[in-house]
Amino acid sequence: MIRSITVIFYAFLLSWACWAKPNGSKSKKPKQVVPDIECDVRAGKINLPEFIARCPAHCKESKQQVYGTGVFASISSICNAAIHSGVITNAGGKVIVRKMAGQNVYKGSNSNGVRSLSLPKWRESFVVSVGKPKKGVIYPSTLDYVPSRPTYVKTGQKDAKSPVVTTPPPPTTTAPEVTTTTPEPTTTTTTTTTTTVPPPPTTAKARAAAHKVRDAGVRRPEAGSAIRRQPSPPVGPAFNRAPPERTATTSQSNSAFPRRDWPPSSYPRPDWFPGARRPADVSYAVPDSGYAWSETDTPEIPARDLRPDISEYERWLYSFGPYPPRSTDLDGSHKMPLDLPHAKVEPVDAWKPEANPYESGFSMREQEPPPRAPELPAPQGDPNCKVDLAFLMDGSWSIGKRRFKIQKDFLAEVAQVINVGMAGPMMGIIQYGDEPVTEISLRTYSSSRDVKSAIDKIVQKGGLSNVGKALSYINKQYFSDANGNRGGAPNVAVVLVDGWPTDKVEEASRLARESGINIFFVTIEGPDENEKQNLVEANFVDKAVCRTNGFYSLPVNSWFALRKAVQPLVKRVCDTDRLVCSKTCLNANDIAFVIDGSSSVGTGNFRTVLQFVANVTREFEISDTDTRVGAVQYTYEQRLEFAFGQYNNKAELLNAIKRINYWSGGTSTGAAITFAAEQLFSKSKPNKRKIMIVITDGRSYDDVRAPALAVHRQGVIAYSIGIAWAAQDELEYIATDPDKEHSFFVDEFDNLYKYVPKIIHNICQEFNSQPRN
């Protein structure tokens, strides 16, 4: 008996132990499940304040855009933001994302091979960290995405479903009051019964509501803006995907449109977290709202949404993000301000011709085109800004579609301000990426209006930022007579570059400057101290611009501030007196030939000397504003053959040289130098380089040292060319130091032609070696 009782007791203990521990071991901690995401998933599309996710490999190649540094706007790609921050590599990995309140400024930068862009304002931010949860912290195993296809109900149809009316619970239970400002559903679960009633006349109600909105004083959209419509009636959190581990109590009378009341998430949410996002309307009543939407619901106005297939985030991204923007302008002239930090973002909608303007919120006067001004004669342009102006616009992929649009708006505003015309500035555009392409040549359009229309049609080419190739292109091909280069107007090239070039610019810029091109640089979001190590060429701006005194460079901190550079840039490019690179070694001189006409030269050799003078003259650009040439012939006496500016045409000047008559007599070189200083260089223009070329075949009867020293002190660059019996010491006295670069000797008159290239080379080398500050 005792043995039986003992056996029964032990059996009871054993069964109790097995019931208490079914596995016979200590309970294990739940394992963290990490959900996978794609490279293009943005933080704003996930409706959780903090979560963990796994990024795939090779997201860097997807070029998904990132906005900000350290703290990113919620429209940024999670995976590329993690690569930019160094949390993961391009091989992928786990990332913890924590959302924060919106920022006023997001600064762009280049880090770990990912170029982040700047943004003036956004409603929500996030930070990323290494995907190792803290001890005891379990993140959601599934991600709650913001819906891209909201549920909506069509009204005004005879076969519409009957609306759902819920009866209140029994008197013993207090029903919670739910308002549109509550982001989370109520936590009280009640059992309710539903009944159906005949549908009310919805069409009349919607019309009345539309009149109510107008009577309330809500501002209508500006002309050319998107059509504003009331959102569809909210169906609670039914817009959100439900996590599988939650259970819902459903009150439902219509199977097509269920209403789900989810219990609140066990994960804590901060006060600023907006909760479930719903289709929202843009507020016109609240000023300075930036890019944030006002989340308002109007359940009594079930107006339809003509684009229910996209969320508001996608609306903004479609209009201003990496996709081509859809213009809703009536005439294509309405532009969003570039540098306004509080520009309103309108939802994109479609205009239906049969729609009633009163129901759509459209004003009837918006249908009327503005009165057209009477036709004016073709503009001649601003004569105070007569330049041939070429813009090199950045078409690389690094700037994105939105910034490319900002760049086009900037160029259109410049075209408007400078007043394009044949008597004033002519404007052209080259787009560069991997290779430069002419978008607008200098001769194509002769009015600002036509240039602006052409700019609007430019399409981004993509590629790298090869500025060096573009500068070489404008030097060799763009500024040509066939392309509209006018010759008498200064050539100006303005380079717009995002960050920094991807090739070297020094050599191409030097050749362009020596050709008379004034190079300006507008650098947007240039490299900071940490990014300078990524430059292909250090100090690329100073190596490229015409002068390094700051006049030719305009740094811009943000793309959104680019518009502020319009007026300063136009003022500089139109200041023709300071466009010093238009002055080249071939067009900025006053050259005086002092020719020996003594009897030892002879008539035949004198014609050879005149041919040498003509060959040298032929290499220069001759006009009253370019290089001018004068000539003096001497024996014992001196004779002015022609003065500076007497012949401003190269053909006339060459004919005048040919007509010089041989004089014959003695040799007084010193007196001839003094005569040239008095008759020619005393009337030289202050912005001209004064050059004297003395040609003699023998020793002078007078002293040459004092006259030569006097002209040197006046800034005259003197070259001496001796033939046959010329004295070497006198040639060196006459020549400017160093003597070997300015003094030449030939044994026969017939060998003079060999020194033409040498003299031209020395003149240009000396000109181009001037300091650029």
# chains A, B, ... in the order shown; residues from 1 in each chain; ligands from 1
>>> residues_around(residues="Asp626 in chain A", least_positions_apart="3", cutoff="8 Å", atoms="only C-alpha atoms", output="list of chain:residue names")
A:Leu586, A:Asn587, A:Ala588, A:Asn589, A:Glu621, A:Ile622, A:Ser623
>>> write_last_selection(atoms="all heavy atoms", output="compact mmCIF listing (two decimals), in the first residue's frame")
# COMPACT_ATOMS: atom_id res chain seq x y z
N LEU A 586 48.49 89.68 -79.15
CA LEU A 586 48.31 90.06 -80.55
C LEU A 586 47.34 91.23 -80.73
O LEU A 586 47.22 91.75 -81.84
CB LEU A 586 47.82 88.86 -81.37
CG LEU A 586 48.73 87.63 -81.36
CD1 LEU A 586 48.11 86.51 -82.17
CD2 LEU A 586 50.13 87.97 -81.88
N ASN A 587 46.64 91.63 -79.67
CA ASN A 587 45.64 92.68 -79.86
C ASN A 587 45.73 93.81 -78.85
O ASN A 587 44.79 94.58 -78.72
CB ASN A 587 44.23 92.08 -79.84
CG ASN A 587 43.84 91.53 -78.48
OD1 ASN A 587 44.54 91.71 -77.49
ND2 ASN A 587 42.70 90.86 -78.42
N ALA A 588 46.83 93.90 -78.13
CA ALA A 588 46.91 94.91 -77.06
C ALA A 588 48.20 95.70 -77.11
O ALA A 588 48.78 96.03 -76.08
CB ALA A 588 46.76 94.22 -75.70
N ASN A 589 48.66 96.04 -78.32
CA ASN A 589 49.97 96.68 -78.46
C ASN A 589 49.90 97.97 -79.28
O ASN A 589 49.03 98.12 -80.14
CB ASN A 589 50.96 95.73 -79.16
CG ASN A 589 50.97 94.35 -78.53
OD1 ASN A 589 51.35 94.17 -77.38
ND2 ASN A 589 50.55 93.35 -79.30
N GLU A 621 46.41 91.55 -84.64
CA GLU A 621 45.04 91.96 -84.91
C GLU A 621 45.01 93.49 -84.93
O GLU A 621 45.30 94.13 -83.91
CB GLU A 621 44.09 91.41 -83.83
CG GLU A 621 44.07 89.88 -83.76
CD GLU A 621 43.28 89.38 -82.58
OE1 GLU A 621 42.49 90.15 -82.00
OE2 GLU A 621 43.45 88.19 -82.22
N ILE A 622 44.69 94.04 -86.06
CA ILE A 622 44.81 95.48 -86.27
C ILE A 622 43.44 96.15 -86.21
O ILE A 622 42.51 95.78 -86.95
CB ILE A 622 45.47 95.79 -87.63
CG1 ILE A 622 46.82 95.06 -87.76
CG2 ILE A 622 45.63 97.28 -87.83
CD1 ILE A 622 47.83 95.43 -86.72
N SER A 623 43.29 97.11 -85.31
CA SER A 623 42.12 97.98 -85.27
C SER A 623 42.41 99.08 -84.26
O SER A 623 43.44 99.05 -83.57
CB SER A 623 40.84 97.22 -84.88
OG SER A 623 40.82 96.95 -83.50
>>> residues_around(residues="range 705-715 of chain A", least_positions_apart="6", cutoff="6 Å", atoms="only C-alpha atoms", output="list in words")
Gly670, Thr674, Tyr733 and Ile734 of chain A
>>> write_last_selection(atoms="N, CA, C and O atoms", output="PDB file, in the first residue's frame")
ATOM      1  N   GLY A 670      70.192 107.378 -82.480  1.00  0.00           N
ATOM      2  CA  GLY A 670      69.784 107.948 -81.190  1.00  0.00           C
ATOM      3  C   GLY A 670      68.700 108.998 -81.357  1.00  0.00           C
ATOM      4  O   GLY A 670      67.691 109.006 -80.628  1.00  0.00           O
ATOM      5  N   THR A 674      64.563 109.084 -80.030  1.00  0.00           N
ATOM      6  CA  THR A 674      63.923 110.208 -79.324  1.00  0.00           C
ATOM      7  C   THR A 674      62.711 110.713 -80.111  1.00  0.00           C
ATOM      8  O   THR A 674      61.658 111.022 -79.521  1.00  0.00           O
ATOM      9  N   TYR A 733      72.605  98.146 -76.214  1.00  0.00           N
ATOM     10  CA  TYR A 733      72.151  99.346 -75.499  1.00  0.00           C
ATOM     11  C   TYR A 733      70.674  99.638 -75.802  1.00  0.00           C
ATOM     12  O   TYR A 733      69.898 100.011 -74.931  1.00  0.00           O
ATOM     13  N   ILE A 734      70.344  99.468 -77.087  1.00  0.00           N
ATOM     14  CA  ILE A 734      68.965  99.776 -77.497  1.00  0.00           C
ATOM     15  C   ILE A 734      67.970  98.762 -76.916  1.00  0.00           C
ATOM     16  O   ILE A 734      66.872  99.140 -76.485  1.00  0.00           O
TER      17      ILE A 734
END
>>> select_by_dssp(residues="range 619-716 of chain A", states="strand (DSSP E)", output="list in words")
Arg628, Val629, Gly630, Ala631, Val632, Gln633, Tyr634, Gln638, Arg639, Leu640, Glu641, Phe642, Arg689, Lys690, Ile691, Met692, Ile693, Val694, Ile695 and Thr696 of chain A
>>> closest_residue(among="A:Gln646, A:Thr603, A:Thr617, A:Asn687", to="Leu579 in chain A", atoms="only C-alpha atoms")
A:Asn687
>>> residues_around(residues="range 496-503 of chain A", least_positions_apart="2", cutoff="8 Å", atoms="only C-alpha atoms", output="list of chain:residue names")
A:Phe391, A:Leu392, A:Met393, A:Asp394, A:Ser398, A:Ile399, A:Leu464, A:Ser465, A:Asn466, A:Val467, A:Gly468, A:Lys469, A:Val494, A:Val505, A:Phe521, A:Val522, A:Thr523, A:Ile524, A:Glu525, A:Gly526, A:Pro527, A:Leu535, A:Val536, A:Glu537
>>> write_last_selection(atoms="C-alpha atoms", output="PDB file, in the first residue's frame")
ATOM      1  CA  PHE A 391      28.040  79.559 -70.268  1.00  0.00           C
ATOM      2  CA  LEU A 392      29.464  76.106 -69.536  1.00  0.00           C
ATOM      3  CA  MET A 393      26.647  74.387 -67.637  1.00  0.00           C
ATOM      4  CA  ASP A 394      27.235  71.260 -65.559  1.00  0.00           C
ATOM      5  CA  SER A 398      26.210  64.416 -59.619  1.00  0.00           C
ATOM      6  CA  ILE A 399      23.767  67.338 -59.526  1.00  0.00           C
ATOM      7  CA  LEU A 464      31.322  63.261 -65.284  1.00  0.00           C
ATOM      8  CA  SER A 465      32.316  66.914 -64.774  1.00  0.00           C
ATOM      9  CA  ASN A 466      35.084  67.255 -67.370  1.00  0.00           C
ATOM     10  CA  VAL A 467      35.590  71.022 -67.237  1.00  0.00           C
ATOM     11  CA  GLY A 468      39.050  70.841 -68.837  1.00  0.00           C
ATOM     12  CA  LYS A 469      37.612  69.265 -71.979  1.00  0.00           C
ATOM     13  CA  VAL A 494      31.389  81.377 -67.324  1.00  0.00           C
ATOM     14  CA  VAL A 505      41.831  72.468 -66.085  1.00  0.00           C
ATOM     15  CA  PHE A 521      34.121  80.274 -62.306  1.00  0.00           C
ATOM     16  CA  VAL A 522      30.853  79.900 -60.370  1.00  0.00           C
ATOM     17  CA  THR A 523      31.492  77.050 -57.918  1.00  0.00           C
ATOM     18  CA  ILE A 524      28.381  75.698 -56.179  1.00  0.00           C
ATOM     19  CA  GLU A 525      28.910  73.764 -52.941  1.00  0.00           C
ATOM     20  CA  GLY A 526      32.661  73.633 -53.418  1.00  0.00           C
ATOM     21  CA  PRO A 527      34.902  71.243 -51.492  1.00  0.00           C
ATOM     22  CA  LEU A 535      40.312  66.893 -55.867  1.00  0.00           C
ATOM     23  CA  VAL A 536      41.911  65.914 -59.167  1.00  0.00           C
ATOM     24  CA  GLU A 537      43.709  69.281 -59.189  1.00  0.00           C
TER      25      GLU A 537
END
>>> closest_residue(among="A:Ser441, A:Ser558, A:Asn655, A:Ser447", to="Asp481 in chain A", atoms="only C-alpha atoms")
A:Ser441
>>> select_by_dssp(residues="range 485-551 of chain A", states="alpha helix (DSSP H)", output="number ranges by chain")
A: 506-514, 540-544
>>> residues_around(residues="Tyr67 in chain A", least_positions_apart="6", cutoff="12 Å", atoms="only C-alpha atoms", output="PyMOL selection string")
chain A and resi 42-43+73-78+80-82+84-85+103+105-110+114-122+124-127+321+399-400
>>> closest_residue(among="A:Ser664, A:Tyr634, A:Ala726, A:Asn605", to="Asp750 in chain A", atoms="only C-alpha atoms")
A:Asn605
>>> residues_around(residues="Ile591 in chain A", least_positions_apart="6", cutoff="10 Å", atoms="only C-alpha atoms", output="PDB file with C-alpha atoms, in the first residue's frame")
ATOM      1  CA  THR A 617      52.534  93.358 -88.803  1.00  0.00           C
ATOM      2  CA  THR A 627      47.004  96.532 -81.966  1.00  0.00           C
ATOM      3  CA  ARG A 628      48.035  99.818 -83.632  1.00  0.00           C
ATOM      4  CA  VAL A 629      51.160 100.324 -85.737  1.00  0.00           C
ATOM      5  CA  GLY A 630      53.242 103.424 -86.506  1.00  0.00           C
ATOM      6  CA  ALA A 631      56.454 103.897 -88.526  1.00  0.00           C
ATOM      7  CA  PHE A 644      49.239 105.072 -84.340  1.00  0.00           C
ATOM      8  CA  LEU A 680      54.367 108.067 -81.296  1.00  0.00           C
ATOM      9  CA  PHE A 681      54.668 106.785 -77.715  1.00  0.00           C
ATOM     10  CA  SER A 684      49.984 105.780 -76.896  1.00  0.00           C
ATOM     11  CA  LYS A 688      48.444  99.285 -74.613  1.00  0.00           C
ATOM     12  CA  ARG A 689      51.851  97.633 -74.382  1.00  0.00           C
ATOM     13  CA  LYS A 690      54.427  99.939 -76.026  1.00  0.00           C
ATOM     14  CA  ILE A 691      56.829  98.068 -78.311  1.00  0.00           C
ATOM     15  CA  MET A 692      59.632  99.607 -80.413  1.00  0.00           C
ATOM     16  CA  ILE A 693      61.469  97.650 -83.149  1.00  0.00           C
ATOM     17  CA  VAL A 716      58.715 100.882 -73.860  1.00  0.00           C
ATOM     18  CA  ILE A 717      59.853  97.351 -74.712  1.00  0.00           C
ATOM     19  CA  ALA A 718      62.643  97.787 -77.265  1.00  0.00           C
TER      20      ALA A 718
END
>>> residues_around(residues="Lys583 in chain A", least_positions_apart="6", cutoff="12 Å", atoms="only C-alpha atoms", output="PyMOL selection string")
chain A and resi 488-491+513-518+546+576-577+589+621+625-627+687-689+764+767-768
>>> write_last_selection(atoms="N, CA and C atoms", output="mmCIF file, in the first residue's frame")
data_model
loop_
_atom_site.group_PDB
_atom_site.id
_atom_site.type_symbol
_atom_site.label_atom_id
_atom_site.label_comp_id
_atom_site.auth_asym_id
_atom_site.auth_seq_id
_atom_site.Cartn_x
_atom_site.Cartn_y
_atom_site.Cartn_z
ATOM 1 N N GLY A 488 34.980 92.004 -82.440
ATOM 2 C CA GLY A 488 35.122 93.261 -81.717
ATOM 3 C C GLY A 488 34.612 93.220 -80.295
ATOM 4 N N ALA A 489 33.921 92.156 -79.900
ATOM 5 C CA ALA A 489 33.382 92.035 -78.542
ATOM 6 C C ALA A 489 34.245 91.077 -77.728
ATOM 7 N N PRO A 490 34.487 91.376 -76.441
ATOM 8 C CA PRO A 490 35.284 90.465 -75.610
ATOM 9 C C PRO A 490 34.633 89.090 -75.503
ATOM 10 N N ASN A 491 35.449 88.053 -75.500
ATOM 11 C CA ASN A 491 34.969 86.684 -75.306
ATOM 12 C C ASN A 491 34.985 86.355 -73.816
ATOM 13 N N ARG A 513 43.011 81.484 -72.086
ATOM 14 C CA ARG A 513 43.351 82.869 -71.693
ATOM 15 C C ARG A 513 44.240 83.519 -72.748
ATOM 16 N N GLU A 514 45.209 82.781 -73.251
ATOM 17 C CA GLU A 514 46.117 83.336 -74.254
ATOM 18 C C GLU A 514 45.398 83.617 -75.566
ATOM 19 N N SER A 515 44.245 82.994 -75.758
ATOM 20 C CA SER A 515 43.432 83.275 -76.944
ATOM 21 C C SER A 515 42.480 84.440 -76.723
ATOM 22 N N GLY A 516 42.511 85.031 -75.524
ATOM 23 C CA GLY A 516 41.687 86.196 -75.246
ATOM 24 C C GLY A 516 40.352 85.893 -74.597
ATOM 25 N N ILE A 517 40.175 84.712 -74.007
ATOM 26 C CA ILE A 517 38.915 84.334 -73.367
ATOM 27 C C ILE A 517 38.984 84.659 -71.880
ATOM 28 N N ASN A 518 38.037 85.440 -71.393
ATOM 29 C CA ASN A 518 37.944 85.782 -69.976
ATOM 30 C C ASN A 518 37.161 84.684 -69.258
ATOM 31 N N CYS A 546 40.703 84.014 -65.235
ATOM 32 C CA CYS A 546 41.537 85.000 -65.934
ATOM 33 C C CYS A 546 42.544 85.641 -64.984
ATOM 34 N N THR A 576 33.461 95.727 -69.195
ATOM 35 C CA THR A 576 34.439 95.391 -70.234
ATOM 36 C C THR A 576 35.820 95.974 -69.959
ATOM 37 N N ASP A 577 35.889 97.048 -69.188
ATOM 38 C CA ASP A 577 37.197 97.636 -68.882
ATOM 39 C C ASP A 577 38.045 96.710 -68.013
ATOM 40 N N ASN A 589 48.665 96.043 -78.325
ATOM 41 C CA ASN A 589 49.975 96.679 -78.462
ATOM 42 C C ASN A 589 49.899 97.968 -79.282
ATOM 43 N N GLU A 621 46.410 91.547 -84.637
ATOM 44 C CA GLU A 621 45.037 91.962 -84.910
ATOM 45 C C GLU A 621 45.015 93.485 -84.928
ATOM 46 N N THR A 625 40.924 99.558 -81.517
ATOM 47 C CA THR A 625 40.839 99.012 -80.160
ATOM 48 C C THR A 625 41.797 97.850 -79.943
ATOM 49 N N ASP A 626 42.405 97.352 -80.999
ATOM 50 C CA ASP A 626 43.371 96.253 -80.884
ATOM 51 C C ASP A 626 44.790 96.811 -81.073
ATOM 52 N N THR A 627 45.626 96.076 -81.739
ATOM 53 C CA THR A 627 47.004 96.532 -81.966
ATOM 54 C C THR A 627 47.033 97.659 -83.011
ATOM 55 N N ASN A 687 46.254 101.532 -71.885
ATOM 56 C CA ASN A 687 46.070 100.088 -71.745
ATOM 57 C C ASN A 687 46.797 99.293 -72.822
ATOM 58 N N LYS A 688 47.690 99.953 -73.561
ATOM 59 C CA LYS A 688 48.444 99.285 -74.613
ATOM 60 C C LYS A 688 49.879 99.029 -74.158
ATOM 61 N N ARG A 689 50.435 97.900 -74.607
ATOM 62 C CA ARG A 689 51.851 97.633 -74.382
ATOM 63 C C ARG A 689 52.640 98.344 -75.485
ATOM 64 N N CYS A 764 54.821 87.456 -77.373
ATOM 65 C CA CYS A 764 53.709 86.750 -76.707
ATOM 66 C C CYS A 764 54.146 86.085 -75.409
ATOM 67 N N PHE A 767 54.262 88.695 -72.818
ATOM 68 C CA PHE A 767 52.918 89.136 -72.439
ATOM 69 C C PHE A 767 52.246 88.119 -71.505
ATOM 70 N N ASN A 768 52.349 86.846 -71.853
ATOM 71 C CA ASN A 768 51.652 85.812 -71.080
ATOM 72 C C ASN A 768 52.328 85.490 -69.755
#
>>> atom_distance(atom1="CA of Gln638 in chain A", atom2="CA of Cys585 in chain A")
28.8 Å
